[in-house]
Every structure is written in structure tokens, then in C-alpha cells.
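This is run.txt. It holds compact mmCIF, C-alpha atoms.
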```
# COMPACT_ATOMS: atom_id res chain seq x y z
CA MET F 1 1.96 25.51 37.14
CA THR F 2 1.84 22.39 39.36
CA VAL F 3 3.21 19.04 38.21
CA SER F 4 -0.30 17.63 37.76
CA GLY F 5 -1.42 20.74 35.89
CA LYS F 6 1.56 20.46 33.58
CA MET F 7 0.86 16.77 33.03
CA GLU F 8 -2.80 17.44 32.26
CA ARG F 9 -1.76 20.07 29.73
CA ARG F 10 0.60 17.60 28.03
CA LEU F 11 -2.10 14.92 28.03
CA GLU F 12 -4.43 17.33 26.28
CA ILE F 13 -1.82 18.16 23.65
CA SER F 14 -0.76 14.56 22.99
CA GLY F 15 -4.42 13.48 22.98
CA THR F 16 -5.26 16.17 20.44
CA PHE F 17 -2.43 15.04 18.14
CA ILE F 18 -3.58 11.43 18.43
CA ILE F 19 -7.23 12.31 17.75
CA LEU F 20 -6.22 14.26 14.64
CA GLY F 21 -4.03 11.38 13.49
CA LEU F 22 -6.81 8.86 14.06
CA LEU F 23 -9.31 11.00 12.15
CA VAL F 24 -6.86 11.26 9.23
CA GLU F 25 -6.46 7.46 9.39
CA ALA F 26 -10.22 6.87 9.39
CA ILE F 27 -10.77 9.16 6.40
CA CYS F 28 -7.91 7.56 4.45
CA LEU F 29 -9.18 4.05 5.17
CA LEU F 30 -12.54 4.97 3.66
CA TRP F 31 -10.98 6.85 0.73
CA SER F 32 -9.65 4.24 -1.68
CA ARG F 33 -7.28 6.33 -3.77
CA PRO F 34 -3.49 6.16 -4.14
CA ILE F 35 -3.06 9.60 -2.52
CA ALA F 36 -4.88 8.27 0.57
CA PHE F 37 -2.05 5.77 1.05
CA VAL F 38 0.49 8.60 1.25
CA VAL F 39 -1.67 10.80 3.49
CA PHE F 40 -2.28 7.81 5.79
CA ALA F 41 1.40 6.94 6.10
CA CYS F 42 2.85 10.45 6.23
CA LEU F 43 0.28 12.72 7.87
CA GLY F 44 -1.64 10.17 9.97
CA GLY F 45 1.53 8.37 11.04
CA LEU F 46 3.27 11.64 11.87
CA LEU F 47 0.40 12.99 14.00
CA ILE F 48 -0.01 9.72 15.92
CA GLY F 49 3.76 9.38 16.32
CA VAL F 50 4.10 12.90 17.72
CA GLY F 51 1.17 12.33 20.11
CA VAL F 52 2.52 9.01 21.40
CA LEU F 53 6.06 10.33 21.78
CA LEU F 54 4.82 13.41 23.63
CA PHE F 55 2.81 11.15 25.98
CA LEU F 56 5.84 8.93 26.65
CA TYR F 57 8.07 11.98 27.11
CA SER F 58 5.62 13.35 29.67
CA LEU F 59 5.69 10.07 31.60
CA VAL F 60 9.45 9.99 31.93
CA THR F 61 10.16 13.67 32.51
CA LEU F 62 7.52 14.80 35.01
CA ASP F 63 8.35 13.89 38.58
CA GLN F 64 5.20 13.17 40.60
CA SER F 65 3.80 11.31 43.56
CA PRO F 66 1.80 8.08 42.93
CA ASN F 67 -1.55 9.72 43.75
CA GLU F 68 -1.25 12.63 41.40
CA PRO F 69 -2.83 12.53 37.94
CA LEU F 70 -0.60 10.89 35.33
CA MET J 14 -8.80 -7.53 8.36
CA PRO J 15 -11.74 -5.79 6.61
CA THR J 16 -11.73 -2.00 6.48
CA ILE J 17 -14.93 -1.22 8.40
CA PRO J 18 -13.93 -2.91 11.72
CA ILE J 19 -10.60 -1.04 11.57
CA VAL J 20 -12.40 2.27 11.03
CA VAL J 21 -14.71 1.48 13.99
CA LEU J 22 -11.68 0.69 16.16
CA VAL J 23 -9.95 3.90 15.07
CA LEU J 24 -13.03 6.01 15.85
CA PHE J 25 -13.50 4.22 19.20
CA ASN J 26 -9.89 5.09 20.04
CA ALA J 27 -10.49 8.71 18.99
CA VAL J 28 -13.58 8.97 21.24
CA LEU J 29 -11.70 7.58 24.24
CA ALA J 30 -8.81 9.96 23.55
CA GLY J 31 -11.37 12.76 23.40
CA VAL J 32 -12.60 11.82 26.89
CA LEU J 33 -9.03 12.09 28.18
CA VAL J 34 -8.48 15.43 26.48
CA LEU J 35 -11.68 16.85 27.96
CA ARG J 36 -11.19 15.36 31.42
CA PRO J 37 -7.46 14.76 32.00
CA ALA J 38 -8.02 14.73 35.76
CA ILE J 39 -9.37 11.17 35.55
CA THR J 40 -5.77 9.97 35.23
CA GLY J 41 -5.46 10.66 38.96
CA ARG J 42 -6.94 7.19 39.58
CA LEU J 43 -5.36 3.86 38.63
CA GLU J 44 -8.11 3.09 36.10
CA GLY J 45 -7.51 6.47 34.49
CA LYS J 46 -3.79 5.76 34.21
CA ILE J 47 -4.50 2.41 32.55
CA LEU J 48 -6.98 4.09 30.22
CA ALA J 49 -4.46 6.80 29.31
CA PHE J 50 -1.76 4.25 28.55
CA SER J 51 -4.15 2.19 26.41
CA VAL J 52 -5.67 5.14 24.56
CA LEU J 53 -2.57 7.28 24.08
CA PHE J 54 -0.02 4.54 23.46
CA PHE J 55 -1.16 0.99 22.84
CA LEU J 56 -4.35 1.49 20.79
CA PRO J 57 -3.04 4.25 18.44
CA LEU J 58 0.00 2.15 17.54
CA PHE J 59 -2.20 -0.91 17.06
CA CYS J 60 -4.57 1.10 14.84
CA LEU J 61 -1.60 2.44 12.86
CA LEU J 62 -0.25 -1.08 12.30
CA VAL J 63 -3.51 -2.73 11.24
CA GLY J 64 -4.42 0.34 9.18
CA MET J 65 -1.06 0.26 7.41
CA ASP J 66 -1.46 -3.45 6.74
CA ASN J 67 -4.92 -2.77 5.30
CA GLU J 68 -3.58 0.04 3.08
CA MET J 69 -0.71 -2.15 1.87
CA GLU J 70 -3.07 -4.97 0.96
CA ARG J 71 -5.44 -2.58 -0.80
CA SER J 72 -2.59 -1.02 -2.75
CA LYS J 73 -1.99 -4.43 -4.35
CA SER J 74 -5.43 -4.51 -5.92
CA THR J 75 -5.99 -4.07 -9.63
CA ALA J 76 -8.72 -1.50 -8.92
CA PHE J 77 -6.26 0.58 -6.87
CA CYS J 78 -3.72 0.73 -9.71
CA LEU J 79 -6.38 1.52 -12.29
CA SER J 80 -7.94 4.29 -10.17
CA CYS J 81 -5.49 6.78 -11.77
CA HIS J 82 -7.00 7.67 -15.14
CA ILE J 83 -3.60 7.51 -16.82
CA MET J 84 -3.65 3.77 -16.14
CA GLU J 85 -7.04 3.18 -17.77
CA PRO J 86 -5.59 2.00 -21.12
CA TYR J 87 -3.45 -0.50 -19.22
CA GLY J 88 -6.59 -1.83 -17.55
CA LYS J 89 -8.26 -2.03 -20.95
CA SER J 90 -5.30 -3.97 -22.33
CA LEU J 91 -6.12 -6.78 -19.89
CA HIS J 92 -9.33 -7.38 -21.85
CA VAL J 93 -7.85 -7.63 -25.35
CA ASP J 94 -9.19 -10.68 -27.15
CA ASP J 95 -5.81 -11.81 -28.46
CA PRO J 96 -3.66 -14.48 -26.74
CA THR J 97 -0.44 -12.88 -27.99
CA TYR J 98 -1.09 -9.97 -25.63
CA LEU J 99 0.92 -11.19 -22.64
CA ALA J 100 -0.87 -9.19 -19.93
CA ALA J 101 -4.32 -10.07 -21.31
CA ALA J 102 -3.49 -13.78 -21.59
CA HIS J 103 -2.32 -13.86 -17.96
CA TYR J 104 -5.30 -11.90 -16.67
CA GLN J 105 -8.03 -13.69 -18.61
CA ASN J 106 -6.70 -17.18 -17.89
CA HIS J 107 -6.10 -16.44 -14.20
CA ARG J 108 -2.39 -17.12 -14.48
CA VAL J 109 -2.27 -14.11 -12.14
CA PRO J 110 -5.00 -13.36 -9.55
CA ALA J 111 -7.45 -11.09 -11.40
CA ASP J 112 -7.85 -8.80 -8.37
CA GLU J 113 -4.06 -8.35 -8.01
CA ALA J 114 -3.05 -8.52 -11.66
CA CYS J 115 -0.77 -5.44 -11.83
CA TYR J 116 0.98 -6.15 -8.55
CA THR J 117 1.66 -9.82 -9.32
CA CYS J 118 3.75 -9.03 -12.39
CA HIS J 119 5.11 -5.61 -11.45
CA THR J 120 6.30 -6.28 -7.92
CA ASN J 121 9.86 -7.28 -7.24
CA TYR J 122 10.28 -10.82 -5.95
CA ALA J 123 13.61 -10.07 -4.30
CA MET J 124 14.05 -9.17 -0.61
CA PHE J 125 12.08 -5.99 0.28
CA GLY J 126 10.39 -6.28 -3.13
CA THR J 127 7.01 -5.07 -1.92
CA PHE J 128 8.69 -2.12 -0.20
CA LYS J 129 10.58 -1.23 -3.38
CA ALA J 130 7.38 -1.55 -5.41
CA LYS J 131 5.65 0.90 -3.06
CA LEU J 132 8.56 3.34 -3.33
CA GLY J 133 8.16 3.15 -7.09
CA GLY J 134 4.46 3.85 -6.58
CA LEU J 135 5.35 7.02 -4.64
CA ARG J 136 7.31 8.19 -7.68
CA HIS J 137 4.20 7.58 -9.80
CA LEU J 138 2.15 9.69 -7.38
CA TYR J 139 4.70 12.49 -7.55
CA VAL J 140 4.52 12.55 -11.34
CA TYR J 141 0.73 12.20 -11.32
CA TYR J 142 0.05 15.11 -8.95
CA LEU J 143 3.11 17.34 -9.25
CA GLY J 144 4.89 16.43 -12.45
CA THR J 145 4.06 16.40 -16.15
CA GLN J 146 1.93 13.38 -16.92
CA PRO J 147 3.17 11.42 -19.92
CA ARG J 148 0.77 9.93 -22.46
CA PRO J 149 -0.11 6.34 -21.45
CA GLU J 150 1.72 4.93 -24.48
CA ASP J 151 4.88 6.84 -23.49
CA ILE J 152 5.10 5.30 -20.01
CA LYS J 153 8.21 3.16 -19.65
CA LEU J 154 9.40 0.82 -16.90
CA HIS J 155 11.97 2.26 -14.46
CA GLU J 156 14.32 -0.58 -15.38
CA PRO J 157 14.20 -3.50 -17.85
CA PHE J 158 11.72 -6.18 -16.79
CA ASN J 159 13.61 -8.82 -14.81
CA ASN J 160 12.94 -12.46 -15.73
CA ARG J 161 12.93 -13.21 -11.99
CA GLU J 162 9.35 -11.89 -11.83
CA CYS J 163 8.24 -14.34 -14.56
CA LEU J 164 10.27 -17.24 -13.18
CA HIS J 165 8.69 -16.76 -9.75
CA CYS J 166 5.72 -18.69 -11.19
CA HIS J 167 7.01 -20.31 -14.39
CA LEU J 168 10.26 -21.83 -13.15
CA GLY J 169 9.79 -25.58 -12.90
CA ALA J 170 6.48 -25.51 -14.77
CA ARG J 171 6.32 -28.17 -17.50
CA SER J 172 5.06 -25.74 -20.14
CA PHE J 173 8.09 -23.53 -19.48
CA GLU J 174 10.80 -26.15 -18.97
CA GLU J 175 9.71 -28.45 -21.83
CA GLY J 176 8.27 -25.82 -24.21
CA ALA J 177 9.37 -26.39 -27.82
CA THR J 178 10.50 -22.80 -28.41
CA HIS J 179 12.39 -22.64 -25.11
CA ASN J 180 14.28 -25.83 -26.03
CA ALA J 181 14.84 -25.25 -29.76
CA ASP J 182 18.28 -23.91 -28.91
CA PRO J 183 19.99 -25.46 -25.85
CA ALA J 184 21.37 -22.05 -24.90
CA THR J 185 17.94 -20.41 -24.65
CA LEU J 186 16.67 -21.83 -21.36
CA PRO J 187 19.90 -21.15 -19.39
CA ALA J 188 19.97 -17.63 -20.83
CA ILE J 189 16.39 -16.98 -19.72
CA LYS J 190 17.14 -18.32 -16.23
CA ALA J 191 20.28 -16.17 -16.01
CA ASN J 192 18.27 -13.11 -17.11
CA THR J 193 20.59 -12.54 -20.06
CA LEU J 194 17.76 -13.17 -22.53
CA SER J 195 14.63 -11.27 -21.58
CA CYS J 196 11.26 -13.03 -21.69
CA VAL J 197 9.80 -9.85 -23.20
CA SER J 198 12.56 -9.37 -25.74
CA SER J 199 11.81 -8.89 -29.39
CA GLY J 200 10.47 -12.00 -31.07
CA CYS J 201 9.49 -13.67 -27.78
CA HIS J 202 6.70 -12.36 -25.52
CA ASP J 203 7.14 -8.78 -26.71
CA VAL J 204 3.46 -7.82 -27.01
CA VAL J 205 2.62 -6.94 -23.42
CA HIS J 206 0.17 -4.04 -23.02
CA ASN J 207 0.62 -2.23 -26.37
CA VAL J 208 -1.65 0.58 -25.20
CA GLY J 209 -0.93 2.62 -28.31
CA HIS J 210 -2.84 0.14 -30.47
CA LEU J 211 -5.88 -0.61 -28.32
CA ASP J 212 -8.25 1.18 -30.70
CA LYS J 213 -7.43 -1.40 -33.36
CA VAL J 214 -8.03 -4.57 -31.34
CA LYS J 215 -11.11 -6.54 -30.35
CA LEU J 216 -11.95 -6.75 -26.64
CA TRP J 217 -12.98 -9.85 -24.75
CA LYS J 218 -16.71 -9.97 -23.93
CA GLU J 219 -16.13 -9.50 -20.17
CA ALA J 220 -14.88 -5.94 -20.84
CA ALA J 221 -18.17 -5.02 -22.47
CA GLN J 222 -20.23 -6.06 -19.43
```
As a first step, turn the structure in this file into C-alpha cells.
Amino acid sequence: MTVSGKMERRLEISGTFIILGLLVEAICLLWSRPIAFVVFACLGGLLIGVGVLLFLYSLVTLDQSPNEPL
Amino acid sequence: MPTIPIVVLVLFNAVLAGVLVLRPAITGRLEGKILAFSVLFFLPLFCLLVGMDNEMERSKSTAFCLSCHIMEPYGKSLHVDDPTYLAAAHYQNHRVPADEACYTCHTNYAMFGTFKAKLGGLRHLYVYYLGTQPRPEDIKLHEPFNNRECLHCHLGARSFEEGATHNADPATLPAIKANTLSCVSSGCHDVVHNVGHLDKVKLWKEAAQ
């Protein structure tokens, strides 16, 4: 797999984690129950955290030329 | 920040992230790189922060605490038509904000008090969903009520400092301030919620509305 292909794959994975985390966040914000607070902080925070960290990890580990996709 | 704009921002972020997931090749251009950084780093963390702040604020509300049915008698005790009921007297006379009544008295006014109060709340959730729920009248505080929480508002107030009962014995006031004599000790303000006796008391008219 090329560097750009690998990067695109990682973008897809980190993006998917972040989308799932954001959807969990949105549901919890609209669901005013104590359990929503825990789901927001634990599940939503975890999914977003994993997605962001994977994105940052991809930026610093994949060697690429300036014109290639991120 | 109100909830709806945060939800809109979160969904907007999710849609943009979806565009990147479906078409990752757009990050080949500078605009795509900026978009990726915004959508996969800056915006999600911003959403998480404002969302967390919103959740923390909401968790202070009286309605939030009373949304667990085990707490219903405690909510009812705020409407008792009897000034000797400490919680009711504070709630009905707005000595505590009515929409944050539970939090105002039951938080911890020391450093990281809100954080500790939320950790205590997690223990409540554990018992509520996974443990054996006690009867409302059997619920006890994790630790004796600290006078610090009362003195946060009452310290320096004329009614507290110059009150006849507080000054009847010169040792009383220093003992209260040193937390060696509890405000809710027997013979003082010891009728707080008394949820075991709510069927025998009259409720304030607002509760009936």
C-alpha cells in the first residue's frame, strides 16, 4: 500500500471513530438523564479521543511529500 | 451555552468528518489538509469541551437529581409546609437557588469540590443501575455533613452571627465554625428531609400545582 493509501485508510478509521463519538455526544446532550452524563464522558470521550489520537499519530508517523494527501 | 446550538455544532462536525471519511483524497490539497485538521482535531475537542461543560452544568440542576425515582421523596420534602424542615425552608425561601437546590447544599466547597461531588454521583449511578437500591428513608450521607457547606453562605450573615441560640453559650459559635458541633446535630437543625415521615406532613401549595 502506498503512503497516501495508508494515510487515507487511517483518515477513514479516525474519522469513523470521531463520527461515532460525536453521535454519542449528540444523543447524550439531548437525553437528560444521569446515565447520559456517564455515557457522554466515558464512551463519547473515549471514541473521540481514540479518533483524534489516531489522526495525530498518522500525521507524525507517515513520511510523505508535501503534495500527497495528508 | 444552550444545548441545541452545541448539538448543531456536533452534528455539523460529524457531517464534515463524514465527507472526509467518504472522500479522503481531498486532503491532497491545502484546503483539504486544513479541513482535516479542523474536523478531526480542533472541532471534536472543542465539541467535547463545550459538551462536557453543558453536562456538568445540567448535572447541577434539581430536575437532574430528582430524575432518579429513588430521589422523588427528597424532591417532595422540599415542598413540606413546615419551616422546621431545613431543606424545605431553604428551597421555599430561595436561600438556595431553586433550580440548583440539591447541588448547592450537597456539593463540597473545598478545592475540587464539584469534581468530588460528581465522583459521589457516579457511586450513586453504580448503586442505582448495578447495585441493590436502598429504600429512600435508608439513604445515608457518605460522610457526616460538614458545616463548611452551611458556612459558605451563612458565615458573616447577621442572622447567623448574632442569632440568640447561636450566642446563648459563648462556646457554641466557635464550635460551629470549627466543625466540632454540627449544624444538623440533634436539637439544632436536625429535621432536614425526613423522607420517612412525608405521608404525615402538609405540603406547600406550590407542590400541588
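Computed from the coordinates, the atom CA of Ser80 of chain J to atom CA of Leu46 of chain F distance equals 25.8 Å.
Shell of segment 8-17 of chain F at 8 Å, with only C-alpha atoms counted and residues fewer than 5 places along the chain excluded, is Leu47, Ile48, Val50, Gly51, Val52, Leu54, Phe55, Ser58, Pro69 and Leu70 of chain F; Ala30, Gly31, Leu33, Val34, Leu35, Pro37, Ala38 and Leu53 of chain J.
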*Which value, in Å to one decimal, gives the distance between atom CA of Ser72 of chain J and atom CA of Thr127 of chain J?*
10.5 Å
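Distances from J:Met69, J:Leu132, J:Leu29, J:Leu211 to Ser51 of chain J were compared using all atoms listed in the file, and the smallest one belongs to J:Leu29.
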_Interatomic distance, atom CA of Ala76 of chain J to atom CA of Phe128 of chain J (Å, one decimal)_ = 19.5 Å
*segment 166-182 of chain J environment, 12 Å, all atoms listed in the file, sequence neighbours closer than 3 positions dropped, as a list in words*: His103, Arg108, Val109, Thr117, Cys118, Tyr122, Asn160, Arg161, Glu162, Cys163, Thr185, Leu186, Pro187, Ala188, Ile189, Lys190, Ala191, Leu194, Cys196, Gly200, Cys201 and His202 of chain J
Can you give me N, CA and C atoms for segment 25-48 of chain F, written as a PDB file, in the coordinates of the input?
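In the end it all went to out_24.pdb:
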```
ATOM      1  N   GLU F  25      -6.489   8.900   9.701  1.00  0.00           N
ATOM      2  CA  GLU F  25      -6.460   7.460   9.390  1.00  0.00           C
ATOM      3  C   GLU F  25      -7.835   6.975   8.937  1.00  0.00           C
ATOM      4  N   ALA F  26      -8.868   7.346   9.706  1.00  0.00           N
ATOM      5  CA  ALA F  26     -10.220   6.870   9.390  1.00  0.00           C
ATOM      6  C   ALA F  26     -10.662   7.342   8.011  1.00  0.00           C
ATOM      7  N   ILE F  27     -10.376   8.620   7.709  1.00  0.00           N
ATOM      8  CA  ILE F  27     -10.770   9.160   6.400  1.00  0.00           C
ATOM      9  C   ILE F  27     -10.025   8.424   5.282  1.00  0.00           C
ATOM     10  N   CYS F  28      -8.715   8.210   5.493  1.00  0.00           N
ATOM     11  CA  CYS F  28      -7.910   7.560   4.450  1.00  0.00           C
ATOM     12  C   CYS F  28      -8.334   6.108   4.237  1.00  0.00           C
ATOM     13  N   LEU F  29      -8.752   5.441   5.315  1.00  0.00           N
ATOM     14  CA  LEU F  29      -9.180   4.050   5.170  1.00  0.00           C
ATOM     15  C   LEU F  29     -10.455   3.946   4.333  1.00  0.00           C
ATOM     16  N   LEU F  30     -11.279   4.992   4.416  1.00  0.00           N
ATOM     17  CA  LEU F  30     -12.540   4.970   3.660  1.00  0.00           C
ATOM     18  C   LEU F  30     -12.382   5.543   2.244  1.00  0.00           C
ATOM     19  N   TRP F  31     -11.226   6.152   1.986  1.00  0.00           N
ATOM     20  CA  TRP F  31     -10.980   6.850   0.730  1.00  0.00           C
ATOM     21  C   TRP F  31      -9.989   6.007  -0.077  1.00  0.00           C
ATOM     22  N   SER F  32     -10.505   5.206  -0.984  1.00  0.00           N
ATOM     23  CA  SER F  32      -9.650   4.240  -1.680  1.00  0.00           C
ATOM     24  C   SER F  32      -8.996   4.858  -2.915  1.00  0.00           C
ATOM     25  N   ARG F  33      -8.024   5.722  -2.674  1.00  0.00           N
ATOM     26  CA  ARG F  33      -7.280   6.330  -3.770  1.00  0.00           C
ATOM     27  C   ARG F  33      -5.784   6.262  -3.429  1.00  0.00           C
ATOM     28  N   PRO F  34      -4.930   6.233  -4.430  1.00  0.00           N
ATOM     29  CA  PRO F  34      -3.490   6.160  -4.140  1.00  0.00           C
ATOM     30  C   PRO F  34      -2.989   7.281  -3.219  1.00  0.00           C
ATOM     31  N   ILE F  35      -3.536   8.487  -3.361  1.00  0.00           N
ATOM     32  CA  ILE F  35      -3.060   9.600  -2.520  1.00  0.00           C
ATOM     33  C   ILE F  35      -3.405   9.342  -1.044  1.00  0.00           C
ATOM     34  N   ALA F  36      -4.489   8.588  -0.811  1.00  0.00           N
ATOM     35  CA  ALA F  36      -4.880   8.270   0.570  1.00  0.00           C
ATOM     36  C   ALA F  36      -3.803   7.444   1.267  1.00  0.00           C
ATOM     37  N   PHE F  37      -3.137   6.591   0.503  1.00  0.00           N
ATOM     38  CA  PHE F  37      -2.050   5.770   1.050  1.00  0.00           C
ATOM     39  C   PHE F  37      -0.940   6.665   1.607  1.00  0.00           C
ATOM     40  N   VAL F  38      -0.588   7.698   0.849  1.00  0.00           N
ATOM     41  CA  VAL F  38       0.490   8.600   1.250  1.00  0.00           C
ATOM     42  C   VAL F  38       0.058   9.449   2.443  1.00  0.00           C
ATOM     43  N   VAL F  39      -1.174   9.968   2.390  1.00  0.00           N
ATOM     44  CA  VAL F  39      -1.670  10.800   3.490  1.00  0.00           C
ATOM     45  C   VAL F  39      -1.743   9.952   4.770  1.00  0.00           C
ATOM     46  N   PHE F  40      -2.194   8.713   4.637  1.00  0.00           N
ATOM     47  CA  PHE F  40      -2.280   7.810   5.790  1.00  0.00           C
ATOM     48  C   PHE F  40      -0.906   7.638   6.422  1.00  0.00           C
ATOM     49  N   ALA F  41       0.069   7.261   5.568  1.00  0.00           N
ATOM     50  CA  ALA F  41       1.400   6.940   6.100  1.00  0.00           C
ATOM     51  C   ALA F  41       2.133   8.176   6.595  1.00  0.00           C
ATOM     52  N   CYS F  42       2.067   9.268   5.872  1.00  0.00           N
ATOM     53  CA  CYS F  42       2.850  10.450   6.230  1.00  0.00           C
ATOM     54  C   CYS F  42       2.145  11.311   7.280  1.00  0.00           C
ATOM     55  N   LEU F  43       0.956  11.798   6.953  1.00  0.00           N
ATOM     56  CA  LEU F  43       0.280  12.720   7.870  1.00  0.00           C
ATOM     57  C   LEU F  43      -0.284  11.996   9.093  1.00  0.00           C
ATOM     58  N   GLY F  44      -1.050  10.920   8.855  1.00  0.00           N
ATOM     59  CA  GLY F  44      -1.640  10.170   9.970  1.00  0.00           C
ATOM     60  C   GLY F  44      -0.567   9.590  10.874  1.00  0.00           C
ATOM     61  N   GLY F  45       0.437   8.966  10.263  1.00  0.00           N
ATOM     62  CA  GLY F  45       1.530   8.370  11.040  1.00  0.00           C
ATOM     63  C   GLY F  45       2.288   9.411  11.825  1.00  0.00           C
ATOM     64  N   LEU F  46       2.517  10.566  11.198  1.00  0.00           N
ATOM     65  CA  LEU F  46       3.270  11.640  11.870  1.00  0.00           C
ATOM     66  C   LEU F  46       2.497  12.165  13.085  1.00  0.00           C
ATOM     67  N   LEU F  47       1.205  12.444  12.904  1.00  0.00           N
ATOM     68  CA  LEU F  47       0.400  12.990  14.000  1.00  0.00           C
ATOM     69  C   LEU F  47       0.318  11.995  15.169  1.00  0.00           C
ATOM     70  N   ILE F  48       0.074  10.732  14.861  1.00  0.00           N
ATOM     71  CA  ILE F  48      -0.010   9.720  15.920  1.00  0.00           C
ATOM     72  C   ILE F  48       1.363   9.561  16.581  1.00  0.00           C
TER      73      ILE F  48
END
```
